[in-house]
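This is run_8.txt. It holds compact mmCIF, C-alpha atoms.
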```txt
# COMPACT_ATOMS: atom_id res chain seq x y z
CA MET A 227 18.21 18.58 44.33
CA ARG A 228 14.45 19.13 44.15
CA PHE A 229 14.03 16.86 41.09
CA TYR A 230 15.79 14.09 42.96
CA LYS A 231 13.27 14.35 45.77
CA TYR A 232 10.38 14.21 43.26
CA CYS A 233 11.79 10.98 41.78
CA ASP A 234 12.02 9.46 45.24
CA LEU A 235 8.46 10.56 45.99
CA VAL A 236 7.07 9.03 42.77
CA ASN A 237 8.92 5.76 43.34
CA ALA A 238 7.58 5.55 46.89
CA ASN A 239 4.64 3.23 47.45
CA THR A 240 2.28 5.76 49.01
CA ASN A 241 -1.26 6.43 47.83
CA TYR A 242 -0.25 9.93 46.69
CA ALA A 243 2.74 8.58 44.73
CA ASN A 244 0.58 5.98 42.99
CA ARG A 245 -2.04 8.56 42.01
CA MET A 246 0.64 10.99 40.74
CA LYS A 247 2.23 8.21 38.71
CA MET A 248 -1.15 7.32 37.17
CA LEU A 249 -1.77 10.99 36.36
CA SER A 250 1.68 11.32 34.79
CA ASN A 251 1.11 8.21 32.67
CA ARG A 252 -2.27 9.52 31.53
CA ILE A 253 -0.77 12.90 30.56
CA PHE A 254 2.08 11.40 28.56
CA GLY A 255 -0.06 8.75 26.82
CA GLU A 256 1.36 5.72 28.58
CA VAL A 257 -0.54 2.83 30.12
CA VAL A 258 -2.19 4.19 33.26
CA ARG A 259 -2.22 1.05 35.41
CA PRO A 260 0.44 -1.64 35.36
CA THR A 261 -0.69 -4.50 33.09
CA ASN A 262 0.56 -7.94 32.11
CA GLU A 263 2.60 -8.72 29.00
CA LYS A 264 -0.37 -9.97 26.99
CA SER A 265 -2.20 -6.67 27.39
CA MET A 266 0.98 -4.71 26.69
CA ARG A 267 1.20 -6.45 23.28
CA VAL A 268 -2.19 -4.98 22.38
CA VAL A 269 -1.14 -1.54 23.62
CA LYS A 270 2.06 -1.73 21.59
CA MET A 271 0.16 -2.89 18.50
CA PHE A 272 -2.25 0.07 18.67
CA SER A 273 0.52 2.57 19.39
CA GLU A 274 2.44 1.60 16.21
CA GLU A 275 1.99 3.40 12.92
CA PRO A 276 -0.83 1.83 10.83
CA LEU A 277 0.19 -0.44 7.94
CA TYR A 278 -1.31 1.82 5.26
CA LYS A 279 1.04 4.62 6.35
CA LYS A 280 4.24 2.55 6.51
CA GLU A 281 6.64 3.34 3.67
CA ASN A 282 7.84 -0.25 3.21
CA VAL A 283 4.25 -1.52 2.84
CA ILE A 284 3.22 1.23 0.41
CA ASN A 285 6.18 0.65 -1.91
CA TYR A 286 6.21 -3.15 -1.62
CA TYR A 287 5.09 -3.91 -5.18
CA PRO A 288 6.67 -2.25 -8.21
CA ARG A 289 4.66 0.33 -10.12
CA HIS A 290 3.36 -1.91 -12.92
CA ILE A 291 0.97 0.58 -14.52
CA GLU A 292 3.53 3.37 -14.82
CA THR A 293 6.19 0.92 -16.06
CA GLY A 294 3.83 -0.46 -18.71
CA LEU A 295 2.96 3.03 -19.96
CA LEU A 296 6.65 3.91 -20.08
CA MET A 297 7.42 0.79 -22.14
CA LYS A 298 4.62 1.65 -24.59
CA LYS A 299 6.02 5.15 -25.05
CA LEU A 300 9.56 3.82 -25.49
CA ARG A 301 8.23 1.34 -28.08
CA GLU A 302 6.60 4.19 -30.00
CA TYR A 303 9.95 5.99 -30.07
CA GLY A 304 11.70 2.80 -31.20
CA LEU A 305 13.82 2.46 -28.06
CA PHE A 306 12.16 -0.73 -26.76
CA ARG A 307 11.27 -3.94 -28.58
CA ASP A 308 8.14 -5.76 -27.42
CA GLU A 309 8.18 -9.03 -29.33
CA HIS A 310 4.71 -10.08 -28.25
CA GLN A 311 3.16 -6.81 -29.44
CA ASP A 312 5.17 -7.07 -32.69
CA PHE A 313 3.73 -10.57 -33.22
CA ILE A 314 0.16 -9.37 -32.63
CA GLU A 315 0.58 -6.51 -35.11
CA GLU A 316 2.13 -8.83 -37.70
CA MET A 317 -0.82 -11.28 -37.38
CA ARG A 318 -3.29 -8.40 -37.82
CA ARG A 319 -1.38 -7.19 -40.88
CA LEU A 320 -1.38 -10.68 -42.44
CA LYS A 321 -5.12 -11.08 -41.71
CA ALA A 322 -5.80 -7.75 -43.42
CA LEU A 323 -3.80 -8.88 -46.48
CA ARG A 324 -5.96 -12.03 -46.72
CA GLY A 325 -9.14 -9.97 -46.33
CA LYS A 326 -10.12 -11.55 -43.01
CA VAL A 327 -10.39 -8.33 -41.00
CA PHE A 328 -13.10 -8.58 -38.34
CA VAL A 329 -15.44 -5.60 -38.12
CA LYS A 330 -17.49 -5.42 -34.94
CA GLY A 331 -21.22 -5.92 -35.62
CA GLU A 332 -20.73 -7.15 -39.19
CA LYS A 333 -22.51 -10.48 -38.63
CA LYS A 334 -25.61 -8.70 -37.32
CA ARG A 335 -25.73 -6.42 -40.37
CA LYS A 336 -25.47 -9.41 -42.72
CA ALA A 337 -28.26 -11.20 -40.89
CA LYS A 338 -30.54 -8.15 -41.16
CA SER A 339 -29.83 -7.64 -44.88
CA ILE A 340 -30.71 -11.29 -45.68
CA LEU A 341 -34.14 -11.01 -44.06
```

Turn this file's structure into structure tokens for me.
Amino acid sequence: MRFYKYCDLVNANTNYANRMKMLSNRIFGEVVRPTNEKSMRVVKMFSEEPLYKKENVINYYPRHIETGLLMKKLREYGLFRDEHQDFIEEMRRLKALRGKVFVKGEKKRKAKSIL
């Protein structure tokens, strides 16, 4: 019965009721004074969880780094075939057979020995 009277008192348009409603809104983190829809959009936007904490934003892209490392490890074990990497290794092997292996800094050493 008493709670019902409190609700009637808050909904009344008296100065006391308006001040109590503003105090209640301030305590419970709501908008203190009635505002228009445009301002309420801003209030709603700031009351939402930030984007960097949302689960669907954090996990939007697949985990490329971890997947790449996993594929390398599986390739070492022989459980995954990476044709591009196989091609690169085969070209290096054929270059080594022809004696065309590049050694970093070799040109500089040759230039110094000639002088």

May I ask for the distance between CA of Glu309 (chain A) and CA of Leu296 (chain A), given in Å to one decimal place?
->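 It comes out at 16.0 Å.
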
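Counting from CA of Glu315 (chain A), the distance to CA of Pro288 (chain A) is 27.9 Å.
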
Which neighbours of Val269 (chain A) fall inside 12 Å, counting only C-alpha atoms, when residues of the same chain fewer than 3 positions from it are skipped, and could you give them as a VMD selection string?
-> chain A and resid 255 to 258 260 to 266 272 to 274

Emit as lines of an AutoDock Vina configuration file the padded axis-aligned box for all listed atoms of region 247-257 of chain A, 8 Å per side, with centre and edge lengths in Å to one decimal.
```
center_x = 0.0
center_y = 7.9
center_z = 32.8
size_x = 20.5
size_y = 26.1
size_z = 27.9
```

Å distance separating CA of Glu302 (chain A) from CA of Ile314 (chain A), one decimal place |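 We find that CA of Glu302 (chain A) and CA of Ile314 (chain A) lie 15.2 Å from each other.
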
Rebuild N, CA, C and O atoms on region 267-290 of chain A, as a compact mmCIF listing (two decimals), in the frame of the given file?
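Contents of selection07.txt, as written:
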```
# COMPACT_ATOMS: atom_id res chain seq x y z
N ARG A 267 1.08 -6.19 24.73
CA ARG A 267 1.20 -6.45 23.28
C ARG A 267 0.14 -5.70 22.51
O ARG A 267 0.39 -5.13 21.45
N VAL A 268 -1.09 -5.69 23.03
CA VAL A 268 -2.19 -4.98 22.38
C VAL A 268 -1.93 -3.48 22.39
O VAL A 268 -2.12 -2.80 21.38
N VAL A 269 -1.45 -2.97 23.52
CA VAL A 269 -1.14 -1.54 23.62
C VAL A 269 -0.05 -1.16 22.62
O VAL A 269 -0.15 -0.15 21.92
N LYS A 270 0.97 -2.00 22.53
CA LYS A 270 2.06 -1.73 21.59
C LYS A 270 1.57 -1.77 20.15
O LYS A 270 1.95 -0.95 19.31
N MET A 271 0.68 -2.75 19.86
CA MET A 271 0.16 -2.89 18.50
C MET A 271 -0.64 -1.64 18.09
O MET A 271 -0.50 -1.15 16.97
N PHE A 272 -1.45 -1.12 19.00
CA PHE A 272 -2.25 0.07 18.67
C PHE A 272 -1.44 1.35 18.68
O PHE A 272 -1.85 2.34 18.09
N SER A 273 -0.29 1.35 19.35
CA SER A 273 0.52 2.57 19.39
C SER A 273 1.43 2.68 18.17
O SER A 273 1.96 3.74 17.88
N GLU A 274 1.60 1.57 17.42
CA GLU A 274 2.44 1.60 16.21
C GLU A 274 1.73 2.35 15.09
O GLU A 274 0.52 2.55 15.10
N GLU A 275 2.53 2.74 14.11
CA GLU A 275 1.99 3.40 12.92
C GLU A 275 1.16 2.39 12.12
O GLU A 275 1.57 1.24 11.97
N PRO A 276 -0.02 2.78 11.59
CA PRO A 276 -0.83 1.83 10.83
C PRO A 276 -0.12 1.36 9.57
O PRO A 276 0.74 2.06 9.01
N LEU A 277 -0.49 0.16 9.10
CA LEU A 277 0.19 -0.44 7.94
C LEU A 277 0.06 0.42 6.69
O LEU A 277 1.00 0.52 5.91
N TYR A 278 -1.11 1.06 6.49
CA TYR A 278 -1.31 1.82 5.26
C TYR A 278 -0.48 3.10 5.23
O TYR A 278 -0.42 3.77 4.20
N LYS A 279 0.18 3.43 6.33
CA LYS A 279 1.04 4.62 6.35
C LYS A 279 2.52 4.26 6.34
O LYS A 279 3.36 5.13 6.18
N LYS A 280 2.84 2.97 6.48
CA LYS A 280 4.24 2.55 6.51
C LYS A 280 4.81 2.59 5.09
O LYS A 280 4.21 2.10 4.14
N GLU A 281 6.00 3.16 4.98
CA GLU A 281 6.64 3.34 3.67
C GLU A 281 6.98 2.00 3.01
O GLU A 281 6.81 1.83 1.81
N ASN A 282 7.46 1.03 3.80
CA ASN A 282 7.84 -0.25 3.21
C ASN A 282 6.64 -1.06 2.74
O ASN A 282 6.75 -1.90 1.85
N VAL A 283 5.46 -0.82 3.29
CA VAL A 283 4.25 -1.52 2.84
C VAL A 283 3.71 -0.84 1.58
O VAL A 283 3.28 -1.50 0.63
N ILE A 284 3.74 0.49 1.55
CA ILE A 284 3.22 1.23 0.41
C ILE A 284 4.02 0.92 -0.86
O ILE A 284 3.45 0.71 -1.93
N ASN A 285 5.32 0.86 -0.75
CA ASN A 285 6.18 0.65 -1.91
C ASN A 285 6.63 -0.80 -2.05
O ASN A 285 7.70 -1.06 -2.59
N TYR A 286 5.81 -1.74 -1.58
CA TYR A 286 6.21 -3.15 -1.62
C TYR A 286 6.22 -3.68 -3.06
O TYR A 286 7.17 -4.33 -3.47
N TYR A 287 5.17 -3.42 -3.80
CA TYR A 287 5.09 -3.91 -5.18
C TYR A 287 5.60 -2.84 -6.13
O TYR A 287 5.41 -1.65 -5.90
N PRO A 288 6.22 -3.24 -7.24
CA PRO A 288 6.67 -2.25 -8.21
C PRO A 288 5.49 -1.58 -8.90
O PRO A 288 4.37 -2.10 -8.89
N ARG A 289 5.72 -0.45 -9.50
CA ARG A 289 4.66 0.33 -10.12
C ARG A 289 4.41 -0.19 -11.53
O ARG A 289 4.95 0.32 -12.51
N HIS A 290 3.57 -1.23 -11.64
CA HIS A 290 3.36 -1.91 -12.92
C HIS A 290 2.70 -1.02 -13.95
O HIS A 290 3.07 -1.04 -15.12
```
